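See below for work-v8.pdb, which holds PDB, C-alpha atoms, pLDDT in the B column.
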```pdb
ATOM      1  CA  MET A   1     149.619  85.944 101.993  1.00 41.00           C
ATOM      2  CA  ILE A   2     152.856  87.944 101.956  1.00 42.00           C
ATOM      3  CA  LYS A   3     154.109  90.074 104.826  1.00 42.00           C
ATOM      4  CA  PHE A   4     156.874  92.664 104.427  1.00 43.00           C
ATOM      5  CA  ARG A   5     159.584  93.718 106.838  1.00 48.00           C
ATOM      6  CA  SER A   6     161.134  96.170 104.458  1.00 55.00           C
ATOM      7  CA  VAL A   7     158.575  98.315 102.656  1.00 65.00           C
ATOM      8  CA  SER A   8     158.157  97.673  98.959  1.00 73.00           C
ATOM      9  CA  GLN A   9     157.078 100.957  97.381  1.00 86.00           C
ATOM     10  CA  SER A  10     156.500  99.616  93.890  1.00 91.00           C
ATOM     11  CA  ILE A  11     157.051  96.628  91.664  1.00 94.00           C
ATOM     12  CA  GLU A  12     157.335  96.568  87.887  1.00 95.00           C
ATOM     13  CA  VAL A  13     157.404  93.479  85.705  1.00 96.00           C
ATOM     14  CA  GLU A  14     158.282  92.863  82.086  1.00 96.00           C
ATOM     15  CA  GLN A  15     157.197  89.730  80.215  1.00 95.00           C
ATOM     16  CA  PHE A  16     156.584  87.858  83.456  1.00 96.00           C
ATOM     17  CA  ARG A  17     153.886  85.242  82.862  1.00 95.00           C
ATOM     18  CA  ASN A  18     150.861  87.237  81.620  1.00 93.00           C
ATOM     19  CA  LEU A  19     152.060  90.500  83.173  1.00 94.00           C
ATOM     20  CA  THR A  20     153.783  93.611  81.951  1.00 94.00           C
ATOM     21  CA  GLY A  21     153.211  96.693  84.063  1.00 94.00           C
ATOM     22  CA  ARG A  22     153.665  98.348  87.427  1.00 94.00           C
ATOM     23  CA  VAL A  23     151.993  98.385  90.841  1.00 92.00           C
ATOM     24  CA  ASP A  24     152.575 101.174  93.368  1.00 92.00           C
ATOM     25  CA  PHE A  25     151.939 100.267  96.991  1.00 90.00           C
ATOM     26  CA  GLY A  26     150.378 102.517  99.591  1.00 86.00           C
ATOM     27  CA  SER A  27     151.163 102.597 103.306  1.00 82.00           C
ATOM     28  CA  GLY A  28     149.514  99.972 105.500  1.00 82.00           C
ATOM     29  CA  VAL A  29     147.706  96.935 104.102  1.00 87.00           C
ATOM     30  CA  ASN A  30     147.526  96.499 100.324  1.00 89.00           C
ATOM     31  CA  VAL A  31     144.951  94.173  98.782  1.00 90.00           C
ATOM     32  CA  LEU A  32     145.109  92.707  95.271  1.00 90.00           C
ATOM     33  CA  TYR A  33     141.684  91.828  93.891  1.00 90.00           C
ATOM     34  CA  GLY A  34     140.181  90.966  90.532  1.00 90.00           C
ATOM     35  CA  ASN A  35     138.506  88.269  88.494  1.00 91.00           C
ATOM     36  CA  ASN A  36     139.960  84.796  88.103  1.00 91.00           C
ATOM     37  CA  GLY A  37     142.803  84.557  85.625  1.00 88.00           C
ATOM     38  CA  GLN A  38     143.685  88.254  85.760  1.00 89.00           C
ATOM     39  CA  GLY A  39     147.135  87.746  87.341  1.00 91.00           C
ATOM     40  CA  LYS A  40     146.711  88.234  91.100  1.00 93.00           C
ATOM     41  CA  THR A  41     148.803  85.187  91.970  1.00 92.00           C
ATOM     42  CA  ASN A  42     151.345  86.177  89.326  1.00 94.00           C
ATOM     43  CA  TRP A  43     151.872  89.516  91.092  1.00 94.00           C
ATOM     44  CA  LEU A  44     152.382  87.709  94.415  1.00 93.00           C
ATOM     45  CA  GLU A  45     154.852  85.368  92.724  1.00 94.00           C
ATOM     46  CA  ALA A  46     156.710  88.370  91.302  1.00 95.00           C
ATOM     47  CA  ILE A  47     156.948  89.936  94.785  1.00 92.00           C
ATOM     48  CA  GLN A  48     158.268  86.710  96.252  1.00 91.00           C
ATOM     49  CA  LEU A  49     160.781  86.336  93.426  1.00 93.00           C
ATOM     50  CA  LEU A  50     161.930  89.898  93.971  1.00 93.00           C
ATOM     51  CA  ALA A  51     162.496  89.186  97.668  1.00 89.00           C
ATOM     52  CA  HIS A  52     163.933  85.669  97.574  1.00 87.00           C
ATOM     53  CA  ALA A  53     165.018  85.086  93.952  1.00 90.00           C
ATOM     54  CA  ARG A  54     162.901  81.945  93.843  1.00 88.00           C
ATOM     55  CA  SER A  55     159.330  81.059  92.938  1.00 91.00           C
ATOM     56  CA  PHE A  56     156.798  79.279  95.135  1.00 87.00           C
ATOM     57  CA  ARG A  57     155.178  77.861  91.984  1.00 89.00           C
ATOM     58  CA  THR A  58     158.047  76.363  89.999  1.00 90.00           C
ATOM     59  CA  ARG A  59     161.695  75.416  90.244  1.00 87.00           C
ATOM     60  CA  HIS A  60     162.142  76.112  86.532  1.00 91.00           C
ATOM     61  CA  LEU A  61     162.237  79.881  86.143  1.00 91.00           C
ATOM     62  CA  HIS A  62     161.913  79.755  82.361  1.00 91.00           C
ATOM     63  CA  GLU A  63     158.287  78.720  82.957  1.00 93.00           C
ATOM     64  CA  ALA A  64     157.646  82.210  84.378  1.00 93.00           C
ATOM     65  CA  VAL A  65     158.749  83.949  81.176  1.00 95.00           C
ATOM     66  CA  ALA A  66     155.833  85.054  78.994  1.00 94.00           C
ATOM     67  CA  PHE A  67     155.012  82.689  76.147  1.00 92.00           C
ATOM     68  CA  GLY A  68     157.105  83.380  73.074  1.00 92.00           C
ATOM     69  CA  GLU A  69     159.585  85.615  74.921  1.00 94.00           C
ATOM     70  CA  SER A  70     163.210  84.869  75.794  1.00 93.00           C
ATOM     71  CA  HIS A  71     163.525  86.788  79.059  1.00 94.00           C
ATOM     72  CA  ALA A  72     161.640  88.466  81.897  1.00 96.00           C
ATOM     73  CA  ALA A  73     162.488  91.094  84.487  1.00 96.00           C
ATOM     74  CA  ILE A  74     161.136  92.171  87.876  1.00 96.00           C
ATOM     75  CA  VAL A  75     162.124  95.542  89.349  1.00 96.00           C
ATOM     76  CA  GLY A  76     161.123  96.874  92.756  1.00 93.00           C
ATOM     77  CA  LEU A  77     161.767 100.011  94.760  1.00 91.00           C
ATOM     78  CA  VAL A  78     162.302  99.139  98.420  1.00 88.00           C
ATOM     79  CA  HIS A  79     162.337 101.512 101.379  1.00 82.00           C
ATOM     80  CA  GLN A  80     164.411 100.486 104.414  1.00 72.00           C
ATOM     81  CA  GLY A  81     165.254 102.239 107.651  1.00 67.00           C
ATOM     82  CA  ASP A  82     165.757 105.978 107.655  1.00 64.00           C
ATOM     83  CA  ALA A  83     164.853 107.019 104.117  1.00 63.00           C
ATOM     84  CA  ILE A  84     167.060 104.388 102.473  1.00 74.00           C
ATOM     85  CA  ASP A  85     165.718 103.462  99.053  1.00 85.00           C
ATOM     86  CA  ARG A  86     167.083 100.673  96.909  1.00 88.00           C
ATOM     87  CA  GLU A  87     166.160  99.391  93.479  1.00 93.00           C
ATOM     88  CA  LEU A  88     166.113  95.609  93.292  1.00 95.00           C
ATOM     89  CA  ARG A  89     166.079  93.766  89.988  1.00 95.00           C
ATOM     90  CA  ILE A  90     165.744  90.121  89.009  1.00 95.00           C
ATOM     91  CA  ALA A  91     166.554  89.245  85.404  1.00 96.00           C
ATOM     92  CA  ILE A  92     165.417  85.839  84.139  1.00 96.00           C
ATOM     93  CA  GLN A  93     166.702  84.312  80.923  1.00 92.00           C
ATOM     94  CA  ARG A  94     166.081  80.672  80.127  1.00 83.00           C
ATOM     95  CA  ASN A  95     166.518  78.972  83.502  1.00 81.00           C
ATOM     96  CA  THR A  96     169.067  81.387  84.933  1.00 90.00           C
ATOM     97  CA  ARG A  97     168.634  84.470  87.078  1.00 93.00           C
ATOM     98  CA  GLN A  98     170.731  87.532  87.771  1.00 94.00           C
ATOM     99  CA  THR A  99     170.308  89.761  90.811  1.00 95.00           C
ATOM    100  CA  PHE A 100     170.981  93.502  90.934  1.00 96.00           C
ATOM    101  CA  VAL A 101     170.876  96.197  93.613  1.00 93.00           C
ATOM    102  CA  ASN A 102     170.847  99.788  92.355  1.00 94.00           C
ATOM    103  CA  ALA A 103     171.790  98.533  88.871  1.00 93.00           C
ATOM    104  CA  LYS A 104     174.887  96.761  90.244  1.00 94.00           C
ATOM    105  CA  ARG A 105     175.201  92.999  89.955  1.00 95.00           C
ATOM    106  CA  GLU A 106     175.088  91.416  93.414  1.00 92.00           C
ATOM    107  CA  SER A 107     175.704  87.891  94.641  1.00 88.00           C
ATOM    108  CA  LEU A 108     172.638  86.010  95.795  1.00 84.00           C
ATOM    109  CA  THR A 109     173.878  86.015  99.393  1.00 79.00           C
ATOM    110  CA  ARG A 110     174.103  89.818  99.507  1.00 82.00           C
ATOM    111  CA  TYR A 111     170.918  90.285  97.514  1.00 87.00           C
ATOM    112  CA  LEU A 112     168.773  88.229  99.885  1.00 81.00           C
ATOM    113  CA  ALA A 113     169.345  90.710 102.715  1.00 75.00           C
ATOM    114  CA  GLN A 114     167.508  93.515 100.886  1.00 82.00           C
ATOM    115  CA  LEU A 115     163.833  92.547 101.184  1.00 83.00           C
ATOM    116  CA  HIS A 116     162.078  90.053 103.424  1.00 78.00           C
ATOM    117  CA  ALA A 117     158.762  88.453 102.566  1.00 80.00           C
ATOM    118  CA  VAL A 118     156.796  85.585 104.066  1.00 77.00           C
ATOM    119  CA  TRP A 119     154.391  83.662 101.832  1.00 76.00           C
ATOM    120  CA  PHE A 120     151.818  81.106 102.845  1.00 77.00           C
ATOM    121  CA  THR A 121     150.188  78.766 100.350  1.00 77.00           C
ATOM    122  CA  ALA A 122     148.457  75.403 100.563  1.00 77.00           C
ATOM    123  CA  ASP A 123     151.821  73.766  99.880  1.00 76.00           C
ATOM    124  CA  GLU A 124     153.064  74.981 103.269  1.00 74.00           C
ATOM    125  CA  LEU A 125     150.803  72.386 104.911  1.00 81.00           C
ATOM    126  CA  GLU A 126     153.478  69.871 103.920  1.00 81.00           C
ATOM    127  CA  VAL A 127     155.472  71.242 106.864  1.00 81.00           C
ATOM    128  CA  VAL A 128     152.942  69.525 109.116  1.00 82.00           C
ATOM    129  CA  ARG A 129     151.758  66.533 107.115  1.00 84.00           C
ATOM    130  CA  GLY A 130     154.745  65.950 104.833  1.00 82.00           C
ATOM    131  CA  GLY A 131     158.133  64.344 105.359  1.00 84.00           C
ATOM    132  CA  PRO A 132     161.248  65.720 107.070  1.00 84.00           C
ATOM    133  CA  GLU A 133     162.481  67.358 103.847  1.00 82.00           C
ATOM    134  CA  ALA A 134     159.537  69.782 103.872  1.00 80.00           C
ATOM    135  CA  ARG A 135     160.258  70.773 107.471  1.00 81.00           C
ATOM    136  CA  ARG A 136     163.951  71.169 106.747  1.00 79.00           C
ATOM    137  CA  ASN A 137     163.234  73.427 103.775  1.00 78.00           C
ATOM    138  CA  PHE A 138     160.830  75.471 105.905  1.00 78.00           C
ATOM    139  CA  LEU A 139     163.482  76.030 108.585  1.00 77.00           C
ATOM    140  CA  ASP A 140     166.149  76.800 105.966  1.00 78.00           C
ATOM    141  CA  ARG A 141     163.972  79.506 104.402  1.00 73.00           C
ATOM    142  CA  GLY A 142     163.351  81.024 107.814  1.00 72.00           C
ATOM    143  CA  VAL A 143     167.050  81.135 108.692  1.00 74.00           C
ATOM    144  CA  VAL A 144     167.991  82.608 105.301  1.00 73.00           C
ATOM    145  CA  SER A 145     165.371  85.353 105.664  1.00 69.00           C
ATOM    146  CA  LEU A 146     167.009  86.424 108.941  1.00 69.00           C
ATOM    147  CA  HIS A 147     170.634  85.628 108.086  1.00 71.00           C
ATOM    148  CA  SER A 148     171.215  85.744 104.335  1.00 69.00           C
ATOM    149  CA  PRO A 149     174.821  84.326 104.370  1.00 74.00           C
ATOM    150  CA  TYR A 150     173.269  81.029 105.466  1.00 76.00           C
ATOM    151  CA  ALA A 151     172.168  80.573 101.850  1.00 75.00           C
ATOM    152  CA  GLN A 152     175.789  79.821 100.961  1.00 77.00           C
ATOM    153  CA  THR A 153     175.986  77.282 103.806  1.00 80.00           C
ATOM    154  CA  ILE A 154     172.982  75.461 102.358  1.00 80.00           C
ATOM    155  CA  THR A 155     174.571  75.459  98.894  1.00 81.00           C
ATOM    156  CA  ASP A 156     177.869  74.091 100.231  1.00 85.00           C
ATOM    157  CA  TYR A 157     176.085  71.445 102.316  1.00 84.00           C
ATOM    158  CA  ASN A 158     174.116  70.168  99.318  1.00 85.00           C
ATOM    159  CA  LYS A 159     177.278  70.018  97.194  1.00 87.00           C
ATOM    160  CA  VAL A 160     179.067  67.873  99.779  1.00 88.00           C
ATOM    161  CA  LEU A 161     175.999  65.647 100.148  1.00 88.00           C
ATOM    162  CA  LYS A 162     175.853  65.065  96.370  1.00 88.00           C
ATOM    163  CA  GLN A 163     179.577  64.317  96.243  1.00 87.00           C
ATOM    164  CA  LYS A 164     179.217  61.764  99.043  1.00 87.00           C
ATOM    165  CA  LYS A 165     176.274  60.118  97.296  1.00 87.00           C
ATOM    166  CA  ARG A 166     178.230  59.936  94.038  1.00 85.00           C
ATOM    167  CA  LEU A 167     181.132  58.308  95.872  1.00 83.00           C
ATOM    168  CA  LEU A 168     178.814  55.722  97.430  1.00 84.00           C
ATOM    169  CA  ASP A 169     177.302  54.909  94.034  1.00 82.00           C
ATOM    170  CA  GLN A 170     180.741  54.482  92.476  1.00 81.00           C
ATOM    171  CA  SER A 171     181.902  52.343  95.385  1.00 79.00           C
ATOM    172  CA  ALA A 172     178.997  49.940  94.920  1.00 75.00           C
ATOM    173  CA  ASP A 173     180.107  49.289  91.337  1.00 74.00           C
ATOM    174  CA  ALA A 174     183.787  48.975  92.317  1.00 72.00           C
ATOM    175  CA  ARG A 175     183.129  46.357  95.034  1.00 75.00           C
ATOM    176  CA  ILE A 176     185.082  48.278  97.661  1.00 77.00           C
ATOM    177  CA  THR A 177     185.306  46.660 101.104  1.00 79.00           C
ATOM    178  CA  LEU A 178     183.543  48.232 104.077  1.00 80.00           C
ATOM    179  CA  PRO A 179     186.773  49.398 105.807  1.00 82.00           C
ATOM    180  CA  GLU A 180     187.954  50.991 102.553  1.00 81.00           C
ATOM    181  CA  LEU A 181     184.597  52.691 102.072  1.00 82.00           C
ATOM    182  CA  THR A 182     184.657  53.998 105.648  1.00 84.00           C
ATOM    183  CA  ASP A 183     188.013  55.663 104.986  1.00 85.00           C
ATOM    184  CA  LEU A 184     186.794  57.140 101.695  1.00 83.00           C
ATOM    185  CA  VAL A 185     183.661  58.775 103.091  1.00 86.00           C
ATOM    186  CA  ALA A 186     185.258  59.993 106.336  1.00 87.00           C
ATOM    187  CA  PRO A 187     186.306  63.422 104.926  1.00 87.00           C
ATOM    188  CA  TRP A 188     182.797  64.001 103.532  1.00 86.00           C
ATOM    189  CA  ASN A 189     181.214  62.994 106.841  1.00 87.00           C
ATOM    190  CA  GLN A 190     183.446  65.445 108.693  1.00 86.00           C
ATOM    191  CA  GLN A 191     182.341  68.274 106.404  1.00 86.00           C
ATOM    192  CA  LEU A 192     178.675  67.352 106.826  1.00 84.00           C
ATOM    193  CA  VAL A 193     179.050  67.297 110.610  1.00 85.00           C
ATOM    194  CA  SER A 194     180.643  70.746 110.471  1.00 83.00           C
ATOM    195  CA  PHE A 195     177.740  72.095 108.425  1.00 78.00           C
ATOM    196  CA  GLU A 196     175.206  70.464 110.766  1.00 76.00           C
ATOM    197  CA  ARG A 197     176.836  72.105 113.792  1.00 77.00           C
ATOM    198  CA  ALA A 198     176.727  75.516 112.127  1.00 71.00           C
ATOM    199  CA  ASP A 199     173.117  74.860 111.132  1.00 68.00           C
ATOM    200  CA  SER A 200     172.095  73.886 114.663  1.00 70.00           C
ATOM    201  CA  SER A 201     173.910  76.862 116.164  1.00 69.00           C
ATOM    202  CA  ARG A 202     172.236  79.330 113.810  1.00 65.00           C
ATOM    203  CA  ALA A 203     168.789  77.800 114.392  1.00 63.00           C
ATOM    204  CA  GLN A 204     169.331  77.974 118.159  1.00 65.00           C
ATOM    205  CA  GLN A 205     170.142  81.689 117.919  1.00 63.00           C
ATOM    206  CA  ILE A 206     167.029  82.424 115.879  1.00 60.00           C
ATOM    207  CA  CYS A 207     164.592  80.048 117.612  1.00 60.00           C
ATOM    208  CA  PRO A 208     165.946  78.930 121.023  1.00 58.00           C
ATOM    209  CA  PHE A 209     164.961  75.398 122.043  1.00 53.00           C
ATOM    210  CA  ASP A 210     163.947  74.535 125.577  1.00 54.00           C
TER     211      ASP A 210
END
```
Do you think you could lay out the structure here as structure tokens?
Amino acid sequence: MIKFRSVSQSIEVEQFRNLTGRVDFGSGVNVLYGNNGQGKTNWLEAIQLLAHARSFRTRHLHEAVAFGESHAAIVGLVHQGDAIDRELRIAIQRNTRQTFVNAKRESLTRYLAQLHAVWFTADELEVVRGGPEARRNFLDRGVVSLHSPYAQTITDYNKVLKQKKRLLDQSADARITLPELTDLVAPWNQQLVSFERADSSRAQQICPFD
């Protein structure tokens, strides 16, 4: 199930899984129907990719490129506000993606503000029955959909976390004493605390806690 804030007027795909073609949307509720294996889920995946530049089916975007092809593209016409139309484009080649707005290359942070979509699949049940990582990812997606610059905060946070982990792994091999290790990781801990504060503040603004 996908719900739009902005109105997607059409979506066109090229060499995306088993699809090449275009769908024009009408006003109100639009329903995709057809026999099994005809590409209904692929169209939903294309819409979600157009909105969020990521797939709910795979982390490896090259898997979404049609068999035997080297690239794929998704283009959508989006209507926002008072007669504001924008053309969004996602280009996939190997495992990389490029994002465009009105044929101009845009950073992911700016691109994510163009179209909002909410998808619900069986995997989302992991938010309830899975571990804390699933719940964290769920909240992160929600914040990004309402405040796209937060995507950069997530990227920076994960980089610092990986750097800290690498330092801890190297320290184990180097037999560093505990006081020395505490001094080494202190700068990384300070950065992580800063990110956590920004994270908590943004979440509080979007979903106030009692």
All residues 10 Å or closer to Asn42 (chain A), only C-alpha atoms, same chain fewer than 5 positions away omitted, as a PyMOL selection string: chain A and resi 16-19+37+47-48+57+64
Return as a tab-separated table (two decimals) with C-alpha atoms, in the frame of the given file the set of residues that the PyMOL selection byres ((chain A and resi 111-126) around 10) yields on the displayed structure.
```tsv
chain	number	residue	atom	x	y	z
A	1	MET	CA	149.62	85.94	101.99
A	2	ILE	CA	152.86	87.94	101.96
A	3	LYS	CA	154.11	90.07	104.83
A	4	PHE	CA	156.87	92.66	104.43
A	5	ARG	CA	159.58	93.72	106.84
A	6	SER	CA	161.13	96.17	104.46
A	7	VAL	CA	158.57	98.32	102.66
A	8	SER	CA	158.16	97.67	98.96
A	44	LEU	CA	152.38	87.71	94.42
A	45	GLU	CA	154.85	85.37	92.72
A	47	ILE	CA	156.95	89.94	94.78
A	48	GLN	CA	158.27	86.71	96.25
A	49	LEU	CA	160.78	86.34	93.43
A	50	LEU	CA	161.93	89.90	93.97
A	51	ALA	CA	162.50	89.19	97.67
A	52	HIS	CA	163.93	85.67	97.57
A	53	ALA	CA	165.02	85.09	93.95
A	56	PHE	CA	156.80	79.28	95.14
A	57	ARG	CA	155.18	77.86	91.98
A	76	GLY	CA	161.12	96.87	92.76
A	78	VAL	CA	162.30	99.14	98.42
A	79	HIS	CA	162.34	101.51	101.38
A	80	GLN	CA	164.41	100.49	104.41
A	86	ARG	CA	167.08	100.67	96.91
A	87	GLU	CA	166.16	99.39	93.48
A	88	LEU	CA	166.11	95.61	93.29
A	89	ARG	CA	166.08	93.77	89.99
A	90	ILE	CA	165.74	90.12	89.01
A	99	THR	CA	170.31	89.76	90.81
A	100	PHE	CA	170.98	93.50	90.93
A	101	VAL	CA	170.88	96.20	93.61
A	105	ARG	CA	175.20	93.00	89.96
A	106	GLU	CA	175.09	91.42	93.41
A	107	SER	CA	175.70	87.89	94.64
A	108	LEU	CA	172.64	86.01	95.80
A	109	THR	CA	173.88	86.02	99.39
A	110	ARG	CA	174.10	89.82	99.51
A	127	VAL	CA	155.47	71.24	106.86
A	128	VAL	CA	152.94	69.53	109.12
A	129	ARG	CA	151.76	66.53	107.12
A	130	GLY	CA	154.74	65.95	104.83
A	131	GLY	CA	158.13	64.34	105.36
A	132	PRO	CA	161.25	65.72	107.07
A	133	GLU	CA	162.48	67.36	103.85
A	134	ALA	CA	159.54	69.78	103.87
A	135	ARG	CA	160.26	70.77	107.47
A	138	PHE	CA	160.83	75.47	105.90
A	141	ARG	CA	163.97	79.51	104.40
A	142	GLY	CA	163.35	81.02	107.81
A	144	VAL	CA	167.99	82.61	105.30
A	145	SER	CA	165.37	85.35	105.66
A	146	LEU	CA	167.01	86.42	108.94
A	147	HIS	CA	170.63	85.63	108.09
A	148	SER	CA	171.22	85.74	104.34
A	149	PRO	CA	174.82	84.33	104.37
A	151	ALA	CA	172.17	80.57	101.85
```
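The gap separating CA of Leu77 (chain A) from CA of Ile11 (chain A) is 6.6 Å, in Å to one decimal.
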Result set of the PyMOL selection byres ((chain A and resi 25) around 9) on the coordinates above, as a PyMOL selection string: chain A and resi 7-11+23-24+26-30
Selection: 9 Å around Asn189 (chain A), only C-alpha atoms, excl. self and same-chain fewer than 3 positions, as number ranges by chain: A: 160-161, 164, 185-186, 192-194
